[in-house]
Amino acid sequence: AAGVIQSPRHLIKEKRETATLKCYPIPRHDTVYWYQQGPGQDPQFLISFYEKMQSDKGSIPDRFSAQQFSDYHSELNMSSLELGDSALYFCASSLITGGAYGYTFGSGTRLTVV
Amino acid sequence: GQNIDQPTEMTATEGAIVQINCTYQTSGFNGLFWYQQHAGEAPTFLSYNVLDGLEEKGRFSSFLSRSKGYSYLLLKELQMKDSASYLCAVRDNTNAGKSTFGDGTTLTVKP
């Protein structure tokens, strides 16, 4: 079965550079969520989209932005990167009516800022 | 917002039963999830409770009491591969029903 695809798997950037993370949700899933997980921490909610519209915003820095495109894939854009942005970034998708099935997470993008 | 508490670490023996507790205080509730996460990997969905009571799924069961803001995940017949972090997550009742995660409980299963 198709899963949530994230790219790239690993990314190394220097401070003050920009990064773009991509997420391809499970086909027919209408909701996408982005989470940031630092070492030894729980996933922190960044932002979500429902039917290509931003639906909720969490602890996402102003330096970050995200959007969902007409084909339902989503991109997280990160600018002026800081060392503290080093983390695992997960994208998850679900059906808004299928809450009982939880989220399906992608394998994540490990971002390292040096 | 959501405030979710879980024990940080637990240790149990292979073949035994372990119960991982989760308490939450929420401004909006639309279900509680349990996820399993191995180090460096994505969380995987284990269970979902939205009504009070016990949900059983093979070796894993999850219980919810909404009035007490309390849930537990019960793992039976523990196996070494069950060593992982277990995350309790509360879904809110916003448009897309985002989930807020607890800090996770690291379970170590010993032979």
# chains A, B, ... in the order shown; residues from 1 in each chain; ligands from 1
call {"tool": "closest_atom_pairs", "arguments": {"of": "chain A", "to": "stretch 87-97 of chain B", "cutoff": "8 Å", "atoms": "only C-alpha atoms", "output": "tab-separated table"}}
result
residue	atom	partner	partner_atom	distance
A:Thr31	CA	B:Ala96	CA	6.8
A:Asp42	CA	B:Leu87	CA	7.8
A:Ser48	CA	B:Ala96	CA	7.1
A:Phe49	CA	B:Ala96	CA	7.2
A:Tyr50	CA	B:Ala96	CA	6.2
A:Ser55	CA	B:Ala96	CA	6.1
A:Asp56	CA	B:Ala96	CA	7.1
A:Ile96	CA	B:Ala96	CA	6.3
call {"tool": "write_last_selection", "arguments": {"atoms": "C-alpha atoms", "output": "PDB file, in the first residue's frame"}}
result
ATOM      1  CA  THR A  31      -5.328  16.367   5.601  1.00  0.00           C
ATOM      2  CA  ASP A  42       8.048  14.528  21.401  1.00  0.00           C
ATOM      3  CA  SER A  48      -1.720  21.483   9.031  1.00  0.00           C
ATOM      4  CA  PHE A  49      -3.701  21.649   5.816  1.00  0.00           C
ATOM      5  CA  TYR A  50      -7.156  20.409   4.997  1.00  0.00           C
ATOM      6  CA  SER A  55      -6.306  24.754   8.821  1.00  0.00           C
ATOM      7  CA  ASP A  56      -4.204  25.120  11.956  1.00  0.00           C
ATOM      8  CA  ILE A  96     -10.436  14.096   8.361  1.00  0.00           C
TER       9      ILE A  96
END
call {"tool": "closest_atom_pairs", "arguments": {"of": "chain B", "to": "chain A", "cutoff": "9 Å", "atoms": "only C-alpha atoms", "output": "Markdown table"}}
result
| residue | atom | partner | partner_atom | distance |
| --- | --- | --- | --- | --- |
| B:Asn30 | CA | A:Gly99 | CA | 8.7 |
| B:Gly31 | CA | A:Gly99 | CA | 8.0 |
| B:Phe33 | CA | A:Gly102 | CA | 6.9 |
| B:Trp34 | CA | A:Gly102 | CA | 8.8 |
| B:Tyr35 | CA | A:Gly102 | CA | 8.8 |
| B:Gly40 | CA | A:Leu88 | CA | 8.2 |
| B:Glu41 | CA | A:Ser107 | CA | 6.3 |
| B:Ala42 | CA | A:Ser107 | CA | 5.3 |
| B:Pro43 | CA | A:Phe105 | CA | 6.5 |
| B:Thr44 | CA | A:Thr104 | CA | 7.0 |
| B:Phe45 | CA | A:Gly102 | CA | 6.0 |
| B:Leu46 | CA | A:Gly102 | CA | 8.3 |
| B:Ser47 | CA | A:Gly102 | CA | 7.7 |
| B:Tyr48 | CA | A:Ala100 | CA | 5.6 |
| B:Asn49 | CA | A:Ala100 | CA | 7.7 |
| B:Val50 | CA | A:Ala100 | CA | 8.3 |
| B:Leu87 | CA | A:Asp42 | CA | 7.8 |
| B:Arg91 | CA | A:Gly99 | CA | 8.7 |
| B:Thr94 | CA | A:Asp56 | CA | 7.6 |
| B:Asn95 | CA | A:Ser55 | CA | 6.1 |
| B:Ala96 | CA | A:Ser55 | CA | 6.1 |
| B:Gly97 | CA | A:Ile96 | CA | 7.5 |
| B:Lys98 | CA | A:Ser48 | CA | 7.4 |
| B:Ser99 | CA | A:Phe45 | CA | 7.6 |
| B:Thr100 | CA | A:Phe45 | CA | 6.9 |
| B:Phe101 | CA | A:Asp42 | CA | 6.2 |
| B:Gly102 | CA | A:Asp42 | CA | 6.3 |
| B:Asp103 | CA | A:Asp42 | CA | 4.7 |
| B:Gly104 | CA | A:Asp42 | CA | 6.4 |
call {"tool": "select_by_dssp", "arguments": {"residues": "chain A", "states": "strand (DSSP E)", "output": "ChimeraX atom specification"}}
result
/A:5-7,10-13,19-24,31-37,44-50,53-57,64-68,74-78,87-94,104-105,109-113
call {"tool": "residues_around", "arguments": {"residues": "stretch 5-14 of chain B", "least_positions_apart": "3", "cutoff": "9 Å", "atoms": "only C-alpha atoms", "output": "list in words"}}
result
Ile17, Val18, Ile20, Asn21, Cys22, Thr23, Tyr24, Gln25, Glu77, Leu78, Gln79, Met80, Ser83, Ser85, Leu87, Cys88, Gly102, Asp103, Gly104, Thr105, Thr106, Leu107, Thr108, Val109, Lys110 and Pro111 of chain B
call {"tool": "residues_around", "arguments": {"residues": "A:Leu83", "least_positions_apart": "3", "cutoff": "12 Å", "atoms": "only C-alpha atoms", "output": "PyMOL selection string"}}
result
chain A and resi 12-17+38+80+86-87+111-114
call {"tool": "closest_residue", "arguments": {"among": "B:Leu51, B:Ala16, B:Ala39, B:Ile4", "to": "B:Leu64", "atoms": "only C-alpha atoms"}}
result
B:Leu51
call {"tool": "atom_distance", "arguments": {"atom1": "atom CA of B:Glu55", "atom2": "atom CA of B:Asp82"}}
result
18.9 Å
call {"tool": "atom_distance", "arguments": {"atom1": "atom CA of A:Tyr72", "atom2": "atom CA of A:Thr18"}}
result
22.6 Å
call {"tool": "residues_around", "arguments": {"residues": "A:His73", "least_positions_apart": "5", "cutoff": "9 Å", "atoms": "only C-alpha atoms", "output": "number ranges by chain"}}
result
A: 22-25, 32, 52, 67-68
call {"tool": "write_last_selection", "arguments": {"atoms": "all heavy atoms", "output": "mmCIF file, in the first residue's frame"}}
result
data_model
loop_
_atom_site.group_PDB
_atom_site.id
_atom_site.type_symbol
_atom_site.label_atom_id
_atom_site.label_comp_id
_atom_site.auth_asym_id
_atom_site.auth_seq_id
_atom_site.Cartn_x
_atom_site.Cartn_y
_atom_site.Cartn_z
ATOM 1 N N LYS A 22 9.724 18.185 1.283
ATOM 2 C CA LYS A 22 8.535 17.823 0.520
ATOM 3 C C LYS A 22 7.826 16.623 1.137
ATOM 4 O O LYS A 22 8.447 15.747 1.728
ATOM 5 C CB LYS A 22 8.909 17.510 -0.936
ATOM 6 C CG LYS A 22 9.468 18.711 -1.674
ATOM 7 C CD LYS A 22 9.698 18.421 -3.127
ATOM 8 C CE LYS A 22 10.220 19.664 -3.836
ATOM 9 N NZ LYS A 22 10.419 19.460 -5.280
ATOM 10 N N CYS A 23 6.525 16.615 0.936
ATOM 11 C CA CYS A 23 5.692 15.541 1.494
ATOM 12 C C CYS A 23 4.619 15.177 0.478
ATOM 13 O O CYS A 23 3.910 16.052 -0.029
ATOM 14 C CB CYS A 23 5.046 16.009 2.795
ATOM 15 S SG CYS A 23 3.756 14.914 3.421
ATOM 16 N N TYR A 24 4.500 13.883 0.232
ATOM 17 C CA TYR A 24 3.452 13.378 -0.654
ATOM 18 C C TYR A 24 2.541 12.478 0.176
ATOM 19 O O TYR A 24 2.941 11.387 0.568
ATOM 20 C CB TYR A 24 4.062 12.617 -1.831
ATOM 21 C CG TYR A 24 4.899 13.507 -2.716
ATOM 22 C CD1 TYR A 24 6.227 13.788 -2.400
ATOM 23 C CD2 TYR A 24 4.351 14.092 -3.863
ATOM 24 C CE1 TYR A 24 6.990 14.634 -3.192
ATOM 25 C CE2 TYR A 24 5.100 14.937 -4.660
ATOM 26 C CZ TYR A 24 6.418 15.211 -4.310
ATOM 27 O OH TYR A 24 7.184 16.049 -5.099
ATOM 28 N N PRO A 25 1.337 12.943 0.479
ATOM 29 C CA PRO A 25 0.458 12.175 1.375
ATOM 30 C C PRO A 25 -0.086 10.929 0.684
ATOM 31 O O PRO A 25 0.070 10.746 -0.528
ATOM 32 C CB PRO A 25 -0.664 13.156 1.679
ATOM 33 C CG PRO A 25 -0.705 14.077 0.505
ATOM 34 C CD PRO A 25 0.728 14.192 0.038
ATOM 35 N N VAL A 32 -3.045 17.067 5.832
ATOM 36 C CA VAL A 32 -1.592 16.921 5.988
ATOM 37 C C VAL A 32 -1.137 17.695 7.220
ATOM 38 O O VAL A 32 -1.615 18.817 7.456
ATOM 39 C CB VAL A 32 -0.854 17.440 4.738
ATOM 40 C CG1 VAL A 32 0.635 17.590 5.020
ATOM 41 C CG2 VAL A 32 -1.054 16.503 3.562
ATOM 42 N N LYS A 52 -6.085 21.446 0.954
ATOM 43 C CA LYS A 52 -5.183 22.443 0.379
ATOM 44 C C LYS A 52 -5.256 23.823 1.035
ATOM 45 O O LYS A 52 -4.597 24.751 0.603
ATOM 46 C CB LYS A 52 -5.393 22.565 -1.134
ATOM 47 C CG LYS A 52 -5.040 21.291 -1.879
ATOM 48 C CD LYS A 52 -5.569 21.290 -3.297
ATOM 49 C CE LYS A 52 -7.033 20.935 -3.318
ATOM 50 N NZ LYS A 52 -7.578 20.768 -4.681
ATOM 51 N N GLN A 67 2.924 25.166 2.342
ATOM 52 C CA GLN A 67 1.741 25.213 1.509
ATOM 53 C C GLN A 67 1.425 23.813 0.999
ATOM 54 O O GLN A 67 2.272 22.919 1.020
ATOM 55 C CB GLN A 67 1.935 26.182 0.339
ATOM 56 C CG GLN A 67 3.131 25.903 -0.553
ATOM 57 C CD GLN A 67 3.276 26.960 -1.650
ATOM 58 O OE1 GLN A 67 2.296 27.425 -2.227
ATOM 59 N NE2 GLN A 67 4.500 27.340 -1.943
ATOM 60 N N GLN A 68 0.189 23.671 0.556
ATOM 61 C CA GLN A 68 -0.233 22.417 -0.057
ATOM 62 C C GLN A 68 -0.690 22.732 -1.467
ATOM 63 O O GLN A 68 -1.449 23.682 -1.689
ATOM 64 C CB GLN A 68 -1.350 21.751 0.749
ATOM 65 C CG GLN A 68 -1.687 20.345 0.257
ATOM 66 C CD GLN A 68 -2.712 19.642 1.110
ATOM 67 O OE1 GLN A 68 -3.547 20.257 1.751
ATOM 68 N NE2 GLN A 68 -2.666 18.319 1.106
#
call {"tool": "atom_distance", "arguments": {"atom1": "atom CA of B:Phe60", "atom2": "atom CA of B:Leu75"}}
result
4.8 Å
call {"tool": "select_by_dssp", "arguments": {"residues": "stretch 28-111 of chain A", "states": "helix (DSSP H, G or I)", "output": "mmCIF file with N, CA, C and O atoms, in the first residue's frame"}}
result
data_model
loop_
_atom_site.group_PDB
_atom_site.id
_atom_site.type_symbol
_atom_site.label_atom_id
_atom_site.label_comp_id
_atom_site.auth_asym_id
_atom_site.auth_seq_id
_atom_site.Cartn_x
_atom_site.Cartn_y
_atom_site.Cartn_z
ATOM 1 N N LEU A 83 20.967 26.775 14.121
ATOM 2 C CA LEU A 83 21.423 25.475 14.625
ATOM 3 C C LEU A 83 20.287 24.721 15.310
ATOM 4 O O LEU A 83 20.162 23.501 15.200
ATOM 5 N N GLY A 84 19.429 25.456 16.008
ATOM 6 C CA GLY A 84 18.317 24.847 16.735
ATOM 7 C C GLY A 84 17.235 24.250 15.850
ATOM 8 O O GLY A 84 16.331 23.579 16.346
ATOM 9 N N ASP A 85 17.331 24.495 14.547
ATOM 10 C CA ASP A 85 16.353 23.901 13.624
ATOM 11 C C ASP A 85 16.707 22.457 13.294
ATOM 12 O O ASP A 85 15.919 21.754 12.651
ATOM 13 N N GLY A 99 -10.597 9.642 11.714
ATOM 14 C CA GLY A 99 -9.788 9.841 12.914
ATOM 15 C C GLY A 99 -9.423 8.567 13.620
ATOM 16 O O GLY A 99 -8.370 8.475 14.240
ATOM 17 N N ALA A 100 -10.288 7.561 13.524
ATOM 18 C CA ALA A 100 -10.034 6.317 14.241
ATOM 19 C C ALA A 100 -8.794 5.605 13.747
ATOM 20 O O ALA A 100 -8.277 4.718 14.421
ATOM 21 N N TYR A 101 -8.295 5.980 12.596
ATOM 22 C CA TYR A 101 -7.121 5.310 12.043
ATOM 23 C C TYR A 101 -5.832 6.079 12.319
ATOM 24 O O TYR A 101 -4.769 5.678 11.910
#
